[in-house]
Each structure stands twice: as C-alpha cells, then as structure tokens.
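Data file: model_19.txt. Format and content: compact mmCIF, C-alpha atoms.
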# COMPACT_ATOMS: atom_id res chain seq x y z
CA MET A 136 -93.07 -70.00 -4.12
CA SER A 137 -89.30 -69.63 -4.18
CA ILE A 138 -89.39 -68.54 -7.84
CA GLY A 139 -91.97 -65.86 -7.03
CA SER A 140 -89.95 -64.67 -4.03
CA ALA A 141 -86.81 -64.45 -6.15
CA SER A 142 -88.66 -62.47 -8.82
CA LEU A 143 -90.08 -60.17 -6.18
CA GLY A 144 -86.66 -59.65 -4.64
CA HIS A 145 -85.15 -58.93 -8.06
CA ALA A 146 -87.86 -56.37 -8.79
CA VAL A 147 -87.30 -54.73 -5.41
CA ARG A 148 -83.56 -54.50 -6.09
CA GLN A 149 -84.19 -52.97 -9.49
CA ASP A 150 -86.55 -50.40 -7.98
CA GLY A 151 -83.97 -49.62 -5.29
CA GLU A 152 -81.25 -49.11 -7.89
CA LEU A 153 -83.54 -46.89 -9.94
CA ASN A 154 -84.41 -44.84 -6.87
CA ALA A 155 -80.73 -44.55 -5.91
CA ARG A 156 -79.83 -43.36 -9.43
CA ALA A 157 -82.70 -40.88 -9.36
CA LEU A 158 -81.56 -39.56 -5.97
CA ARG A 159 -77.98 -39.22 -7.19
CA SER A 160 -79.20 -37.41 -10.30
CA ASP A 161 -81.28 -35.03 -8.18
CA ALA A 162 -78.30 -34.42 -5.90
CA ARG A 163 -76.10 -33.59 -8.89
CA ARG A 164 -78.73 -31.21 -10.28
CA GLN A 165 -79.06 -29.50 -6.91
CA ALA A 166 -75.27 -29.21 -6.60
CA LEU A 167 -75.02 -27.70 -10.10
CA GLY A 168 -77.87 -25.31 -9.34
CA LEU A 169 -76.21 -24.27 -6.09
CA LEU A 170 -72.88 -23.79 -7.89
CA ALA A 171 -74.63 -21.64 -10.50
CA LEU A 172 -76.12 -19.49 -7.75
CA LEU A 173 -72.78 -19.18 -5.99
CA SER A 174 -70.72 -18.56 -9.12
CA PRO A 175 -71.08 -14.73 -9.13
CA GLY A 176 -69.97 -14.56 -5.50
CA LEU A 177 -67.16 -17.05 -6.06
CA PHE A 178 -65.97 -15.09 -9.07
CA LEU A 179 -66.01 -11.88 -7.05
CA VAL A 180 -64.02 -13.50 -4.23
CA PHE A 181 -61.55 -14.91 -6.74
CA ALA A 182 -61.13 -11.57 -8.53
CA VAL A 183 -60.98 -9.37 -5.44
CA ILE A 184 -59.13 -11.60 -2.93
CA ILE A 185 -57.42 -14.60 -4.50
CA VAL A 186 -55.92 -12.84 -7.53
CA PRO A 187 -54.47 -9.86 -5.57
CA ILE A 188 -53.01 -12.17 -2.90
CA GLY A 189 -51.46 -14.38 -5.58
CA TRP A 190 -50.05 -11.35 -7.36
CA LEU A 191 -48.69 -10.06 -4.04
CA PHE A 192 -46.96 -13.37 -3.33
CA TRP A 193 -45.52 -13.52 -6.87
CA LEU A 194 -44.25 -9.94 -6.63
CA SER A 195 -42.52 -10.68 -3.31
CA LEU A 196 -40.28 -13.23 -5.01
CA PHE A 197 -38.45 -10.61 -7.10
CA ASP A 198 -35.61 -8.49 -5.78
CA GLU A 199 -34.77 -4.92 -6.76
CA SER A 200 -33.04 -6.06 -9.96
CA GLY A 201 -36.10 -8.04 -11.07
CA GLN A 202 -34.55 -11.47 -10.47
CA LEU A 203 -36.29 -14.34 -8.70
CA SER A 204 -34.93 -14.36 -5.18
CA LEU A 205 -35.84 -14.85 -1.52
CA ALA A 206 -33.88 -11.75 -0.51
CA ASN A 207 -37.04 -9.92 0.51
CA TYR A 208 -37.86 -12.63 3.05
CA ALA A 209 -34.25 -13.08 4.17
CA ARG A 210 -34.20 -9.40 5.11
CA PHE A 211 -36.53 -10.15 8.04
CA PHE A 212 -33.83 -12.22 9.72
CA GLU A 213 -30.91 -10.03 8.71
CA GLN A 214 -32.25 -6.68 9.96
CA ALA A 215 -33.40 -6.34 13.56
CA SER A 216 -35.59 -3.35 12.66
CA TYR A 217 -38.03 -5.64 10.85
CA ILE A 218 -38.42 -7.87 13.90
CA LYS A 219 -38.89 -4.81 16.11
CA THR A 220 -41.52 -3.35 13.80
CA PHE A 221 -43.29 -6.70 13.59
CA ALA A 222 -43.34 -7.05 17.38
CA THR A 223 -44.58 -3.47 17.81
CA THR A 224 -47.44 -4.10 15.38
CA PHE A 225 -48.71 -7.16 17.19
CA LYS A 226 -48.10 -5.60 20.60
CA ALA A 227 -50.27 -2.64 19.64
CA ALA A 228 -52.93 -4.95 18.19
CA PHE A 229 -53.09 -7.05 21.35
CA VAL A 230 -53.11 -4.04 23.70
CA VAL A 231 -55.78 -2.18 21.73
CA THR A 232 -57.92 -5.31 21.47
CA GLY A 233 -57.63 -5.87 25.22
CA ALA A 234 -58.53 -2.24 25.92
CA CYS A 235 -61.55 -2.49 23.62
CA VAL A 236 -62.72 -5.61 25.46
CA LEU A 237 -62.15 -3.92 28.83
CA PHE A 238 -64.21 -0.86 27.92
CA GLY A 239 -66.52 -2.34 25.31
CA TYR A 240 -67.96 -5.31 27.20
CA PRO A 241 -69.43 -3.26 30.09
CA LEU A 242 -70.76 -0.73 27.58
CA ALA A 243 -72.40 -3.41 25.43
CA TYR A 244 -73.83 -5.08 28.55
CA MET A 245 -75.31 -1.79 29.73
CA LEU A 246 -76.87 -1.18 26.31
CA SER A 247 -78.35 -4.68 26.24
CA GLN A 248 -80.06 -4.10 29.60
CA LEU A 249 -81.61 -0.77 28.67
CA PRO A 250 -85.13 -0.46 27.25
CA ARG A 251 -85.26 -0.60 23.48
CA ARG A 252 -85.80 3.13 22.96
CA ALA A 253 -83.07 4.17 25.40
CA ALA A 254 -80.69 1.62 23.87
CA SER A 255 -81.38 2.99 20.38
CA ILE A 256 -80.57 6.52 21.53
CA CYS A 257 -77.34 5.38 23.20
CA LEU A 258 -76.33 3.41 20.09
CA ILE A 259 -76.43 6.66 18.13
CA PHE A 260 -73.54 7.91 20.26
CA VAL A 261 -71.66 4.66 19.61
CA ILE A 262 -72.11 5.01 15.84
CA LEU A 263 -71.60 8.79 15.82
CA PRO A 264 -67.76 8.59 15.45
CA PHE A 265 -68.24 6.86 12.09
CA TRP A 266 -69.62 10.13 10.75
CA THR A 267 -66.19 11.73 11.20
CA SER A 268 -63.09 10.65 9.30
CA VAL A 269 -60.28 8.83 11.07
CA LEU A 270 -57.89 11.65 10.19
CA VAL A 271 -60.03 14.27 11.91
CA ARG A 272 -60.45 12.12 15.03
CA THR A 273 -56.73 11.47 15.19
CA TYR A 274 -55.88 15.17 15.00
CA ALA A 275 -58.50 15.81 17.69
CA TRP A 276 -56.70 13.35 19.98
CA LEU A 277 -53.42 15.13 19.23
CA VAL A 278 -54.97 18.40 20.40
CA ILE A 279 -56.23 16.70 23.56
CA LEU A 280 -53.14 14.66 24.47
CA GLN A 281 -50.17 16.79 23.42
CA ARG A 282 -47.88 18.40 26.02
CA LYS A 283 -49.86 21.66 25.90
CA GLY A 284 -53.14 19.93 25.19
CA LEU A 285 -56.41 20.05 27.07
CA ILE A 286 -55.71 17.20 29.50
CA ASN A 287 -52.25 18.39 30.54
CA ASN A 288 -53.41 22.00 30.90
CA TRP A 289 -56.37 20.95 33.07
CA LEU A 290 -54.22 18.72 35.28
CA ILE A 291 -51.60 21.45 35.70
CA ASP A 292 -54.25 24.10 36.46
CA LEU A 293 -55.79 21.80 39.09
CA GLY A 294 -52.40 21.20 40.66
CA VAL A 295 -52.50 17.45 40.06
CA ILE A 296 -49.22 17.39 38.12
CA GLY A 297 -46.29 19.75 37.83
CA GLN A 298 -44.99 18.66 34.43
CA PRO A 299 -46.96 17.65 31.31
CA LEU A 300 -47.56 13.94 30.95
CA PRO A 301 -46.19 12.22 27.80
CA LEU A 302 -49.56 11.21 26.35
CA ALA A 303 -48.83 11.77 22.64
CA ASN A 304 -46.05 10.97 20.18
CA ASN A 305 -45.43 7.62 21.87
CA PHE A 306 -46.90 4.13 22.19
CA ALA A 307 -49.47 5.26 24.77
CA GLY A 308 -50.86 7.87 22.40
CA VAL A 309 -51.13 5.28 19.62
CA VAL A 310 -53.05 2.93 21.91
CA ILE A 311 -55.43 5.69 23.05
CA GLY A 312 -56.19 6.86 19.53
CA MET A 313 -56.63 3.35 18.11
CA THR A 314 -58.81 2.25 21.04
CA HIS A 315 -61.19 5.15 20.45
CA ILE A 316 -61.47 4.30 16.76
CA MET A 317 -61.75 0.53 17.20
CA LEU A 318 -64.20 0.48 20.14
CA PRO A 319 -67.42 0.61 18.05
CA PHE A 320 -66.24 -2.38 16.01
CA LEU A 321 -66.34 -4.47 19.19
CA VAL A 322 -69.43 -2.96 20.80
CA LEU A 323 -71.77 -3.42 17.84
CA PRO A 324 -71.37 -7.22 17.26
CA LEU A 325 -71.21 -7.81 21.01
CA TYR A 326 -74.42 -5.85 21.60
CA ALA A 327 -76.16 -7.77 18.80
CA SER A 328 -75.10 -11.06 20.40
CA MET A 329 -76.24 -9.99 23.87
CA LYS A 330 -79.67 -8.92 22.61
CA THR A 331 -80.29 -12.45 21.31
CA ILE A 332 -79.78 -14.02 24.76
CA ASP A 333 -83.10 -15.32 26.08
CA VAL A 334 -84.03 -13.59 29.33
CA ASP A 335 -85.86 -16.75 30.44
CA CYS A 336 -82.49 -18.52 30.73
CA LEU A 337 -81.33 -15.92 33.23
CA ARG A 338 -84.60 -16.10 35.15
CA ALA A 339 -84.37 -19.89 35.26
CA GLY A 340 -80.88 -19.70 36.73
CA MET A 341 -81.97 -17.26 39.41
CA ASN A 342 -85.06 -19.36 40.21
CA LEU A 343 -82.74 -22.31 40.78
CA GLY A 344 -80.89 -20.36 43.45
CA ALA A 345 -78.03 -18.77 41.52
CA SER A 346 -76.93 -15.31 42.59
CA PRO A 347 -76.87 -12.48 40.02
CA ALA A 348 -73.07 -12.78 39.79
CA ALA A 349 -73.27 -16.55 39.27
CA THR A 350 -76.03 -16.12 36.69
CA PHE A 351 -73.89 -13.68 34.75
CA ARG A 352 -70.76 -15.83 35.02
CA GLN A 353 -72.32 -19.19 34.19
CA ILE A 354 -75.12 -18.23 31.77
CA PHE A 355 -74.87 -14.73 30.32
CA PHE A 356 -71.13 -14.53 29.71
CA PRO A 357 -70.81 -17.92 27.91
CA LEU A 358 -73.78 -17.05 25.68
CA SER A 359 -72.17 -13.72 24.76
CA LEU A 360 -68.86 -15.29 23.72
CA PRO A 361 -69.75 -15.62 19.99
CA GLY A 362 -70.32 -11.88 19.73
CA LEU A 363 -67.22 -11.17 21.79
CA ALA A 364 -65.13 -13.44 19.57
CA SER A 365 -66.44 -11.72 16.43
CA GLY A 366 -65.63 -8.29 17.82
CA VAL A 367 -62.16 -9.36 18.96
CA VAL A 368 -61.31 -10.76 15.52
CA ILE A 369 -62.56 -7.63 13.74
CA VAL A 370 -60.64 -5.27 16.03
CA PHE A 371 -57.45 -7.34 16.00
CA VAL A 372 -57.31 -7.69 12.22
CA LEU A 373 -58.05 -4.00 11.64
CA CYS A 374 -55.35 -3.00 14.13
CA LEU A 375 -52.72 -4.98 12.24
CA GLY A 376 -53.21 -2.88 9.12
CA PHE A 377 -53.72 0.50 10.78
CA PHE A 378 -51.72 3.35 9.30
CA VAL A 379 -53.08 6.87 9.90
CA THR A 380 -53.36 6.87 13.70
CA PRO A 381 -49.95 5.26 14.44
CA ALA A 382 -48.26 7.55 11.93
CA LEU A 383 -49.68 10.69 13.57
CA MET A 384 -49.99 9.71 17.22
CA GLY A 385 -46.66 7.91 17.27
CA GLY A 386 -44.70 10.97 16.20
CA GLY A 387 -42.32 8.83 14.15
CA LYS A 388 -41.31 6.83 17.24
CA VAL A 389 -43.82 4.00 16.79
CA ILE A 390 -43.38 2.22 13.45
CA MET A 391 -46.12 -0.22 12.51
CA TRP A 392 -46.01 -2.86 9.78
CA ALA A 393 -48.27 -0.86 7.45
CA MET A 394 -45.97 2.15 7.79
CA ARG A 395 -43.00 -0.04 6.87
CA MET A 396 -44.85 -1.26 3.79
CA GLU A 397 -45.60 2.33 2.77
CA GLN A 398 -41.93 3.26 3.17
CA ALA A 399 -40.77 0.29 1.09
CA THR A 400 -43.11 1.07 -1.82
CA SER A 401 -43.35 4.87 -1.93
CA LEU A 402 -40.04 5.97 -0.44
CA TYR A 403 -37.70 3.26 -1.73
CA SER A 404 -39.84 2.08 -4.70
CA ASN A 405 -39.14 -1.53 -3.69
CA TRP A 406 -42.42 -3.26 -4.45
CA GLY A 407 -40.96 -6.70 -3.79
CA ALA A 408 -40.04 -5.80 -0.21
CA GLY A 409 -43.46 -4.24 0.39
CA ALA A 410 -45.19 -7.30 -1.04
CA ALA A 411 -43.10 -9.58 1.16
CA LEU A 412 -44.15 -7.57 4.21
CA GLY A 413 -47.78 -8.03 3.22
CA VAL A 414 -47.38 -11.77 2.66
CA VAL A 415 -45.71 -12.28 6.05
CA LEU A 416 -48.38 -10.24 7.83
CA LEU A 417 -51.13 -12.18 6.07
CA ALA A 418 -49.59 -15.56 6.90
CA VAL A 419 -49.08 -14.75 10.58
CA THR A 420 -52.57 -13.28 10.86
CA LEU A 421 -54.18 -16.38 9.34
CA ALA A 422 -52.15 -18.59 11.68
CA LEU A 423 -53.30 -16.61 14.72
CA LEU A 424 -56.92 -16.65 13.57
CA GLY A 425 -56.71 -20.42 13.06
CA LEU A 426 -55.27 -20.82 16.56
CA PHE A 427 -58.02 -18.60 17.96
CA GLN A 428 -60.71 -20.63 16.22
CA TRP A 429 -59.16 -23.88 17.46
CA LEU A 430 -59.11 -22.58 21.03
CA LEU A 431 -62.76 -21.56 20.80
CA GLY A 432 -63.68 -24.96 19.38
CA ALA A 433 -61.72 -26.77 22.09
CA ARG A 434 -63.39 -24.68 24.77
CA ALA A 435 -66.86 -25.32 23.36
CA THR A 436 -66.14 -29.05 23.18
CA GLY A 437 -64.96 -29.02 26.79
CA VAL A 438 -68.07 -27.18 27.95
CA TRP A 439 -70.40 -29.64 26.22
CA SER A 440 -68.44 -32.65 27.53
CA GLN A 441 -68.77 -31.33 31.08
CA ARG A 442 -72.51 -31.03 30.60

This structure in structure tokens:
Amino acid sequence: MSIGSASLGHAVRQDGELNARALRSDARRQALGLLALLSPGLFLVFAVIIVPIGWLFWLSLFDESGQLSLANYARFFEQASYIKTFATTFKAAFVVTGACVLFGYPLAYMLSQLPRRAASICLIFVILPFWTSVLVRTYAWLVILQRKGLINNWLIDLGVIGQPLPLANNFAGVVIGMTHIMLPFLVLPLYASMKTIDVDCLRAGMNLGASPAATFRQIFFPLSLPGLASGVVIVFVLCLGFFVTPALMGGGKVIMWAMRMEQATSLYSNWGAGAALGVVLLAVTLALLGLFQWLLGARATGVWSQR
C-alpha cells in the first residue's frame, strides 16, 4: 500500500511539474506575442520621444565653443533673469489652469445635465475655437483688450471708467488669452467624465436624505475628479510650452520659458543653452506631474480607508 501511494505521489508530482512547465511556456509565448504586438508602438515612442529627449540632453552638455561643460546649467544660478522667466512661466501656468477650472467646471457640469441633443449643440460652440488658428484668436484678443479696444471704448462710453484699463501687453492679457485657448482642453475630458457618472448614484444619495448640495459634494464631485485631473494636467503642460499668445499679448514684458528658448536658438544661435532650458523644463514638469499623481493616489487611498 505504501509503495503504491509513493508511486501515485511521484506520478502526481511529475504531472504537476509538467503542467507548471507548460504554463510557464504558455506565459512566455503570450509575453513574446504581446511584445511583438507592442513593438511598432514601442519603436515609435522610442524614435519620436526617447531619441529626441536624449539628443536634447546630450546637446545641452556642450558650450558655445563645442566643449563638454555644465555652463549652460550653471547659467540658471548665475543670471537672475532665468529664475524670473522660470517663475513667470509656472506662475502663468498655475493661474491659467486655475482660471480654466473656475470657468470650465461649471460649464462642463451644465453640459452634462442638458439633454443629449442640447448638449451636442452646445459642445459645437466649445469645439468651434479649434477651427480658428491660435494666431488669429490672439490678434482678436489684442483688438478687444488694447487701450483703444472694444472693452475700453465701451466702458468709457458708458461712463464706467475714465481712463483705459491695462488689459493687454501685460500679465493679465497673457492670462486672458491663454485661458480662452486652453478652456476647451479642460472642458472636453471633464464633460466626458461627468457623462459616465451613473445617475442612480445621485438618486440613491437623495433618497437617503442628502440635500442636492451634499449629493454634489459627496458623490458627483469625487466621481468627476478623474476627468478634472486629466484636464488639469493637459492644460498645465500645454501652458508651460506656450509661445504665440505670451509673445503677442505680453508685449515683450512677459517672457515665458519657450520664448527664452527661441531667443537662445534663433537670436543667439546657442543650441546648447536652448537645449538646457528644455531639459530643465522637462525635468521640473515630470517632477510636478509625479507629485500630482502621488497626491491623487494618497487622496484616493484615504477616501477608501475612510469607507
């Protein structure tokens, strides 16, 4: 009996080992098949993103004489204008992102509550600015906001103000122009996220005695955060590299990081300095995005732990 049991156990172990090897072989084949399917996309990412970023970093290590040096990075600490430009860039990005959230969230919420046909018609007006170039929209804002523009003329004719308001050729004009251009990039992902929220969740909250304000605060708003986070990231990253609107609406008084890069490469023909500016901007942006993702993850973990 013991000999038969030992033989049976040995056979079972052999079958288990064979099954384990077969499963590992299938897993390897699936991994290779998945890698083969992903290889065109990975090659495209490598060729379009990794190689240019690596070339940019390598180029930033050479000074004007073509020698390996960290002079391009040391310039950030030696010249206060670089720090000022860097601070202005992120200040504009934060202010414009906040303004887009302030105006975009109520707009997206209103669109999500409309009937489907009415929402589709209203979305046309949200997408309509994409049919016009950024340059044309920026010049239109210059016509509206300049000292003898439409707004100042109307306010003076109505007797509201006695002197024209400084709405253009300054930081305020840059924020207004960039907010108008960036607003659809926040509204569209936020609206898509809000439309996926199950109405039954809101009805259940109200049936349990929650007021409309409490239902929005405790149910609707948390469920809309993924779309809001996506829109915030898109708007913030695009603002960091904006060039046309700050160059025109700022009137030469508001210098953004992209404008400094353009000056270094085209005006001074210093590709190393321009590349260093791009590397620093990329590194700081990735650090901020990582911090933002960590904060969202920590918040989600806290919410689930409270539940």

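A straight line drawn from atom CA of Pro347 of chain A to atom CA of Asp335 of chain A is 13.8 Å long.
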
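For the atom pair formed by atom CA of Leu246 of chain A and atom CA of His315 of chain A, the distance is 17.9 Å, given to one decimal.
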
(Q) Excluding segment 379-389 of chain A and its own-chain neighbours fewer than 4 positions away, which residues fall within 10 Å of it when counting all atoms listed in the file? Please give them as number ranges by chain. (A) A: 220, 223-224, 227, 269-270, 272-274, 276-277, 280-281, 302-313, 316, 374, 393-394

(Q) Which residues are close to segment 317-326 of chain A, i.e. within 9 Å by all atoms listed in the file, leaving aside same-chain residues fewer than 2 positions away? Reply as number ranges by chain. (A) A: 231-232, 234-236, 238-240, 242-244, 246-247, 258, 261-262, 264-265, 312-315, 328-331, 359-370, 373-374

Q: Calculate how many Å separate atom CA of Phe197 of chain A from atom CA of Leu423 of chain A, rounding to one decimal.
A: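 Between atom CA of Phe197 of chain A and atom CA of Leu423 of chain A the gap works out to 27.1 Å.
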
**Q.** Non-local contacts of Ile188 of chain A (12 Å; all atoms listed in the file; under 3 positions in same chain excluded) as a ChimeraX atom specification
**A.** /A:180-185,191-195,410-411,413-418

Q.
Ranking A:Phe356, A:Phe260, A:Trp392, A:Phe178 by minimum distance to Phe221 of chain A and counting all atoms listed in the file, which one comes first?
A. A:Trp392

**Q.** 12 Å contact set for Phe211 of chain A, all atoms listed in the file, chain neighbours under 2 positions out, as a ChimeraX atom specification
**A.** /A:205-209,213-222,408-409,411-412,415-416

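The shortest atom-to-atom distance to Trp406 of chain A, with all atoms listed in the file taken into account, belongs to A:Leu196 out of A:Leu293, A:Cys257, A:Leu196, A:Leu285.
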